[in-house]
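Structure below is structure-v3.pdb: PDB, C-alpha atoms, pLDDT in the B column.
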```
ATOM      1  CA  MET H 279     170.459 125.252  71.443  1.00 54.00           C
ATOM      2  CA  LYS H 280     172.806 122.700  69.823  1.00 51.00           C
ATOM      3  CA  GLN H 281     173.908 121.508  73.257  1.00 51.00           C
ATOM      4  CA  LEU H 282     170.305 120.984  74.363  1.00 47.00           C
ATOM      5  CA  LEU H 283     169.554 118.969  71.215  1.00 47.00           C
ATOM      6  CA  PHE H 284     172.739 116.914  71.676  1.00 44.00           C
ATOM      7  CA  PHE H 285     171.961 116.103  75.316  1.00 46.00           C
ATOM      8  CA  SER H 286     168.355 115.274  74.487  1.00 48.00           C
ATOM      9  CA  LEU H 287     169.434 112.831  71.808  1.00 45.00           C
ATOM     10  CA  MET H 288     172.018 111.286  74.152  1.00 49.00           C
ATOM     11  CA  ALA H 289     169.393 110.863  76.877  1.00 46.00           C
ATOM     12  CA  ILE H 290     167.012 109.167  74.449  1.00 50.00           C
ATOM     13  CA  ALA H 291     169.803 106.895  73.189  1.00 48.00           C
ATOM     14  CA  GLY H 292     170.825 106.011  76.749  1.00 49.00           C
ATOM     15  CA  PHE H 293     167.247 105.316  77.790  1.00 46.00           C
ATOM     16  CA  THR H 294     166.708 103.135  74.745  1.00 47.00           C
ATOM     17  CA  ALA H 295     169.971 101.259  75.291  1.00 47.00           C
ATOM     18  CA  CYS H 296     169.110 100.510  78.939  1.00 48.00           C
ATOM     19  CA  ARG H 297     165.667  99.110  78.239  1.00 50.00           C
ATOM     20  CA  LYS H 298     165.231  95.378  78.120  1.00 54.00           C
ATOM     21  CA  HIS H 299     164.707  94.436  74.492  1.00 53.00           C
ATOM     22  CA  THR H 300     162.537  91.551  73.417  1.00 59.00           C
ATOM     23  CA  PRO H 301     163.904  89.938  70.264  1.00 62.00           C
ATOM     24  CA  ILE H 302     161.706  90.528  67.259  1.00 60.00           C
ATOM     25  CA  PRO H 303     161.360  87.555  64.961  1.00 62.00           C
ATOM     26  CA  PRO H 304     162.608  88.199  61.437  1.00 62.00           C
ATOM     27  CA  SER H 305     159.930  89.292  59.033  1.00 62.00           C
ATOM     28  CA  PRO H 306     159.901  88.565  55.314  1.00 62.00           C
ATOM     29  CA  TRP H 307     161.380  91.170  53.057  1.00 62.00           C
ATOM     30  CA  PHE H 308     158.676  90.687  50.480  1.00 62.00           C
ATOM     31  CA  ASP H 309     155.217  89.320  50.113  1.00 60.00           C
ATOM     32  CA  GLN H 310     154.575  87.268  46.996  1.00 58.00           C
ATOM     33  CA  ALA H 311     151.319  88.299  45.393  1.00 66.00           C
ATOM     34  CA  ASP H 312     151.436  86.764  41.933  1.00 71.00           C
ATOM     35  CA  GLN H 313     153.498  84.526  39.728  1.00 74.00           C
ATOM     36  CA  ALA H 314     153.157  85.398  36.099  1.00 76.00           C
ATOM     37  CA  ALA H 315     156.152  84.075  34.238  1.00 81.00           C
ATOM     38  CA  ARG H 316     153.631  82.512  31.926  1.00 83.00           C
ATOM     39  CA  PRO H 317     150.645  84.860  31.890  1.00 83.00           C
ATOM     40  CA  ALA H 318     147.136  83.414  32.045  1.00 88.00           C
ATOM     41  CA  ILE H 319     148.238  79.994  33.336  1.00 88.00           C
ATOM     42  CA  ASN H 320     146.886  80.657  36.837  1.00 89.00           C
ATOM     43  CA  THR H 321     143.887  82.495  35.410  1.00 89.00           C
ATOM     44  CA  VAL H 322     142.835  79.634  33.139  1.00 92.00           C
ATOM     45  CA  PHE H 323     144.039  76.393  34.710  1.00 94.00           C
ATOM     46  CA  ILE H 324     143.738  77.024  38.461  1.00 93.00           C
ATOM     47  CA  SER H 325     140.330  76.955  40.161  1.00 94.00           C
ATOM     48  CA  ALA H 326     139.221  80.127  41.941  1.00 93.00           C
ATOM     49  CA  ALA H 327     139.642  78.601  45.400  1.00 95.00           C
ATOM     50  CA  ASP H 328     143.304  77.717  44.683  1.00 94.00           C
ATOM     51  CA  LYS H 329     144.563  80.876  42.954  1.00 91.00           C
ATOM     52  CA  ASP H 330     146.182  82.409  46.052  1.00 90.00           C
ATOM     53  CA  LYS H 331     147.639  79.056  47.070  1.00 93.00           C
ATOM     54  CA  PHE H 332     149.184  78.696  43.584  1.00 92.00           C
ATOM     55  CA  ASN H 333     150.740  82.160  43.861  1.00 89.00           C
ATOM     56  CA  GLU H 334     152.222  81.330  47.252  1.00 89.00           C
ATOM     57  CA  THR H 335     153.598  77.923  46.233  1.00 92.00           C
ATOM     58  CA  ALA H 336     157.284  77.596  45.423  1.00 90.00           C
ATOM     59  CA  PRO H 337     157.707  76.639  41.760  1.00 91.00           C
ATOM     60  CA  VAL H 338     159.449  73.383  42.705  1.00 93.00           C
ATOM     61  CA  HIS H 339     156.166  72.193  44.281  1.00 95.00           C
ATOM     62  CA  MET H 340     153.694  73.500  41.681  1.00 94.00           C
ATOM     63  CA  ALA H 341     153.543  70.487  39.366  1.00 95.00           C
ATOM     64  CA  ALA H 342     152.933  68.003  42.188  1.00 96.00           C
ATOM     65  CA  THR H 343     150.420  70.266  43.918  1.00 96.00           C
ATOM     66  CA  PHE H 344     148.442  71.569  40.936  1.00 96.00           C
ATOM     67  CA  GLY H 345     149.237  69.355  37.923  1.00 96.00           C
ATOM     68  CA  SER H 346     146.138  67.193  38.213  1.00 97.00           C
ATOM     69  CA  GLU H 347     143.820  70.170  38.689  1.00 97.00           C
ATOM     70  CA  MET H 348     145.412  71.998  35.762  1.00 96.00           C
ATOM     71  CA  LYS H 349     145.084  68.996  33.448  1.00 97.00           C
ATOM     72  CA  THR H 350     141.424  68.518  34.437  1.00 97.00           C
ATOM     73  CA  ASN H 351     140.666  72.187  33.766  1.00 96.00           C
ATOM     74  CA  MET H 352     142.544  72.179  30.455  1.00 96.00           C
ATOM     75  CA  LEU H 353     140.719  69.086  29.212  1.00 97.00           C
ATOM     76  CA  ALA H 354     137.406  70.645  30.280  1.00 97.00           C
ATOM     77  CA  LEU H 355     138.241  73.569  27.976  1.00 95.00           C
ATOM     78  CA  ASN H 356     139.458  71.347  25.141  1.00 96.00           C
ATOM     79  CA  PRO H 357     138.149  67.776  25.508  1.00 96.00           C
ATOM     80  CA  GLY H 358     139.589  66.932  22.077  1.00 95.00           C
ATOM     81  CA  TYR H 359     143.188  67.733  23.081  1.00 97.00           C
ATOM     82  CA  THR H 360     145.641  65.110  21.827  1.00 97.00           C
ATOM     83  CA  THR H 361     148.973  66.852  21.340  1.00 97.00           C
ATOM     84  CA  ASN H 362     149.903  70.438  20.624  1.00 96.00           C
ATOM     85  CA  LEU H 363     152.148  72.243  18.162  1.00 94.00           C
ATOM     86  CA  LEU H 364     155.166  71.212  20.248  1.00 94.00           C
ATOM     87  CA  GLY H 365     154.112  67.542  20.135  1.00 96.00           C
ATOM     88  CA  LEU H 366     153.318  67.555  23.867  1.00 96.00           C
ATOM     89  CA  THR H 367     150.601  65.305  25.291  1.00 98.00           C
ATOM     90  CA  ALA H 368     148.302  66.770  27.948  1.00 97.00           C
ATOM     91  CA  ASP H 369     150.503  65.368  30.739  1.00 97.00           C
ATOM     92  CA  GLN H 370     153.674  66.701  29.127  1.00 96.00           C
ATOM     93  CA  PHE H 371     152.190  70.129  28.426  1.00 95.00           C
ATOM     94  CA  ILE H 372     150.851  70.504  31.967  1.00 95.00           C
ATOM     95  CA  GLY H 373     154.247  69.342  33.232  1.00 93.00           C
ATOM     96  CA  VAL H 374     155.813  72.298  31.403  1.00 92.00           C
ATOM     97  CA  VAL H 375     153.318  75.025  32.301  1.00 91.00           C
ATOM     98  CA  SER H 376     152.528  73.944  35.863  1.00 92.00           C
ATOM     99  CA  THR H 377     155.888  75.244  37.027  1.00 91.00           C
ATOM    100  CA  ASP H 378     155.294  78.954  36.550  1.00 89.00           C
ATOM    101  CA  VAL H 379     158.845  80.108  35.923  1.00 89.00           C
ATOM    102  CA  LEU H 380     160.386  81.971  33.050  1.00 87.00           C
ATOM    103  CA  ASN H 381     163.108  79.917  31.402  1.00 87.00           C
ATOM    104  CA  VAL H 382     165.879  81.992  29.894  1.00 88.00           C
ATOM    105  CA  SER H 383     168.388  80.968  27.266  1.00 89.00           C
ATOM    106  CA  THR H 384     171.806  82.467  27.901  1.00 91.00           C
ATOM    107  CA  THR H 385     173.121  81.462  24.492  1.00 92.00           C
ATOM    108  CA  GLY H 386     170.228  81.876  22.077  1.00 90.00           C
ATOM    109  CA  LYS H 387     167.341  84.103  21.177  1.00 92.00           C
ATOM    110  CA  THR H 388     165.055  85.278  23.977  1.00 90.00           C
ATOM    111  CA  THR H 389     161.474  84.494  22.989  1.00 92.00           C
ATOM    112  CA  PHE H 390     158.358  82.818  24.264  1.00 91.00           C
ATOM    113  CA  TYR H 391     157.915  81.071  20.909  1.00 92.00           C
ATOM    114  CA  ASP H 392     158.953  82.121  17.428  1.00 91.00           C
ATOM    115  CA  GLY H 393     158.385  78.908  15.475  1.00 89.00           C
ATOM    116  CA  THR H 394     161.866  77.616  16.257  1.00 90.00           C
ATOM    117  CA  ASN H 395     162.775  78.717  19.764  1.00 90.00           C
ATOM    118  CA  VAL H 396     160.393  77.645  22.512  1.00 89.00           C
ATOM    119  CA  LEU H 397     160.236  79.124  26.017  1.00 89.00           C
ATOM    120  CA  THR H 398     163.744  80.562  25.849  1.00 91.00           C
ATOM    121  CA  GLY H 399     162.624  83.721  27.602  1.00 90.00           C
ATOM    122  CA  ARG H 400     160.124  86.400  26.851  1.00 89.00           C
ATOM    123  CA  ALA H 401     160.656  89.478  24.723  1.00 89.00           C
ATOM    124  CA  LEU H 402     158.433  92.535  25.164  1.00 89.00           C
ATOM    125  CA  GLY H 403     156.815  92.056  21.770  1.00 90.00           C
ATOM    126  CA  ASP H 404     156.076  88.342  22.183  1.00 92.00           C
ATOM    127  CA  ASP H 405     152.372  87.558  21.822  1.00 93.00           C
ATOM    128  CA  VAL H 406     152.331  85.237  24.824  1.00 92.00           C
ATOM    129  CA  ILE H 407     148.558  84.828  25.003  1.00 93.00           C
ATOM    130  CA  ASP H 408     148.293  83.782  21.339  1.00 95.00           C
ATOM    131  CA  VAL H 409     151.096  81.238  21.871  1.00 95.00           C
ATOM    132  CA  GLU H 410     149.352  79.793  24.923  1.00 94.00           C
ATOM    133  CA  LEU H 411     145.976  79.680  23.153  1.00 95.00           C
ATOM    134  CA  THR H 412     147.580  77.918  20.182  1.00 96.00           C
ATOM    135  CA  LEU H 413     149.253  75.375  22.471  1.00 95.00           C
ATOM    136  CA  VAL H 414     145.940  74.593  24.186  1.00 96.00           C
ATOM    137  CA  PHE H 415     143.517  74.733  21.249  1.00 97.00           C
ATOM    138  CA  GLY H 416     145.614  74.558  18.051  1.00 97.00           C
ATOM    139  CA  GLY H 417     146.188  70.805  17.985  1.00 97.00           C
ATOM    140  CA  PRO H 418     149.247  69.083  16.531  1.00 97.00           C
ATOM    141  CA  ASN H 419     149.720  71.576  13.695  1.00 95.00           C
ATOM    142  CA  GLY H 420     148.510  74.712  15.491  1.00 94.00           C
ATOM    143  CA  ALA H 421     145.645  75.214  13.032  1.00 95.00           C
ATOM    144  CA  ALA H 422     142.756  73.457  14.806  1.00 96.00           C
ATOM    145  CA  ASN H 423     140.054  75.628  16.370  1.00 95.00           C
ATOM    146  CA  PRO H 424     141.166  78.848  14.629  1.00 95.00           C
ATOM    147  CA  GLY H 425     138.569  80.893  16.503  1.00 95.00           C
ATOM    148  CA  LEU H 426     140.230  79.970  19.794  1.00 96.00           C
ATOM    149  CA  THR H 427     143.915  80.408  18.992  1.00 96.00           C
ATOM    150  CA  SER H 428     144.167  84.196  19.167  1.00 95.00           C
ATOM    151  CA  ASP H 429     143.004  87.032  21.371  1.00 94.00           C
ATOM    152  CA  HIS H 430     143.304  89.292  18.283  1.00 94.00           C
ATOM    153  CA  VAL H 431     145.565  91.761  20.085  1.00 93.00           C
ATOM    154  CA  ASN H 432     148.505  91.796  17.729  1.00 89.00           C
ATOM    155  CA  GLY H 433     150.871  94.223  19.391  1.00 87.00           C
ATOM    156  CA  ASN H 434     151.322  96.958  21.898  1.00 88.00           C
ATOM    157  CA  ASP H 435     149.275 100.074  21.221  1.00 88.00           C
ATOM    158  CA  VAL H 436     152.455 102.182  21.367  1.00 89.00           C
ATOM    159  CA  PRO H 437     155.767 100.999  19.869  1.00 89.00           C
ATOM    160  CA  PHE H 438     158.414  99.829  22.318  1.00 90.00           C
ATOM    161  CA  LEU H 439     161.584 101.913  22.579  1.00 91.00           C
ATOM    162  CA  SER H 440     164.769 100.690  20.894  1.00 89.00           C
ATOM    163  CA  ASP H 441     166.874 101.762  23.904  1.00 90.00           C
ATOM    164  CA  PHE H 442     166.636 101.096  27.631  1.00 91.00           C
ATOM    165  CA  PRO H 443     164.142 101.115  29.345  1.00 88.00           C
ATOM    166  CA  TYR H 444     162.468  99.696  26.166  1.00 89.00           C
ATOM    167  CA  LEU H 445     158.922 100.037  27.536  1.00 88.00           C
ATOM    168  CA  ALA H 446     156.613 102.293  25.609  1.00 85.00           C
ATOM    169  CA  GLN H 447     155.714 105.620  27.113  1.00 82.00           C
ATOM    170  CA  PRO H 448     152.289 105.666  28.771  1.00 82.00           C
ATOM    171  CA  HIS H 449     149.608 107.721  27.090  1.00 74.00           C
TER     172      HIS H 449
END
```
Just give me the structure of the file as structure tokens.
Amino acid sequence: MKQLLFFSLMAIAGFTACRKHTPIPPSPWFDQADQAARPAINTVFISAADKDKFNETAPVHMAATFGSEMKTNMLALNPGYTTNLLGLTADQFIGVVSTDVLNVSTTGKTTFYDGTNVLTGRALGDDVIDVELTLVFGGPNGAANPGLTSDHVNGNDVPFLSDFPYLAQPH
């Protein structure tokens, strides 16, 4: 029985090796579906027709491709925007958020924003949406439009773990 199996496999291998092979073009190893280093940026500032295009665009090209659209959409949401808590004008702020990448500090605290550190990473407990809402609607001191600067979700519903893998258990 083993001999029959061996010879069958050898015959298949020989037949396959003798066939003329047509080269197969390389295929991508992954398919990019979403960029969410800064959650809600695409959702809020990119028009529905451009959402997939934004997700497929390399970050190096995002500002040039989408900056104008993002600024227009942001100013439509907050026509009174002057500067934000970081002192950024509309052009400067869109310049920062239009490149949807997660900056990471290798020497300091990892946080989206903690009052001192800004966009130095993103910790699990960071309230990213509140930070983004404050930067769009909070004005120069972060206190303008108080009804628009929070989603009122102030933490995960289950505490994060203190050890790896850190994520809370599903329930």
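Take CA of Ala354 (chain H) and CA of Ile324 (chain H): the distance between them is 12.2 Å.
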*With the file shown as input, list the residues that the PyMOL selection byres ((chain H and resi 368-381) around 7) selects, as JSON, numbers by chain.*
{"H": [313, 314, 315, 316, 337, 338, 340, 341, 344, 345, 348, 349, 360, 361, 366, 367, 382, 383, 397, 398, 399]}
*Straight-line distance linking CA of Thr350 (chain H) with CA of Asn423 (chain H), stated in Å to one decimal*: 19.5 Å
*List the neighbours of Val406 (chain H) out to 9 Å using all atoms listed in the file; skip same-chain residues closer than 4 positions along the sequence, and give me the result as a PyMOL selection string.*
chain H and resi 316-317+390-391+400+410-411
_When the PyMOL selection byres ((chain H and resi 405) around 10) is applied to the structure above, which residues does it catch, written out as an MDAnalysis selection string?_
chainID H and resid 389:392 400:404 406:410 428:434
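Here CA of Ser346 (chain H) and CA of Lys329 (chain H) stand 14.6 Å from one another.
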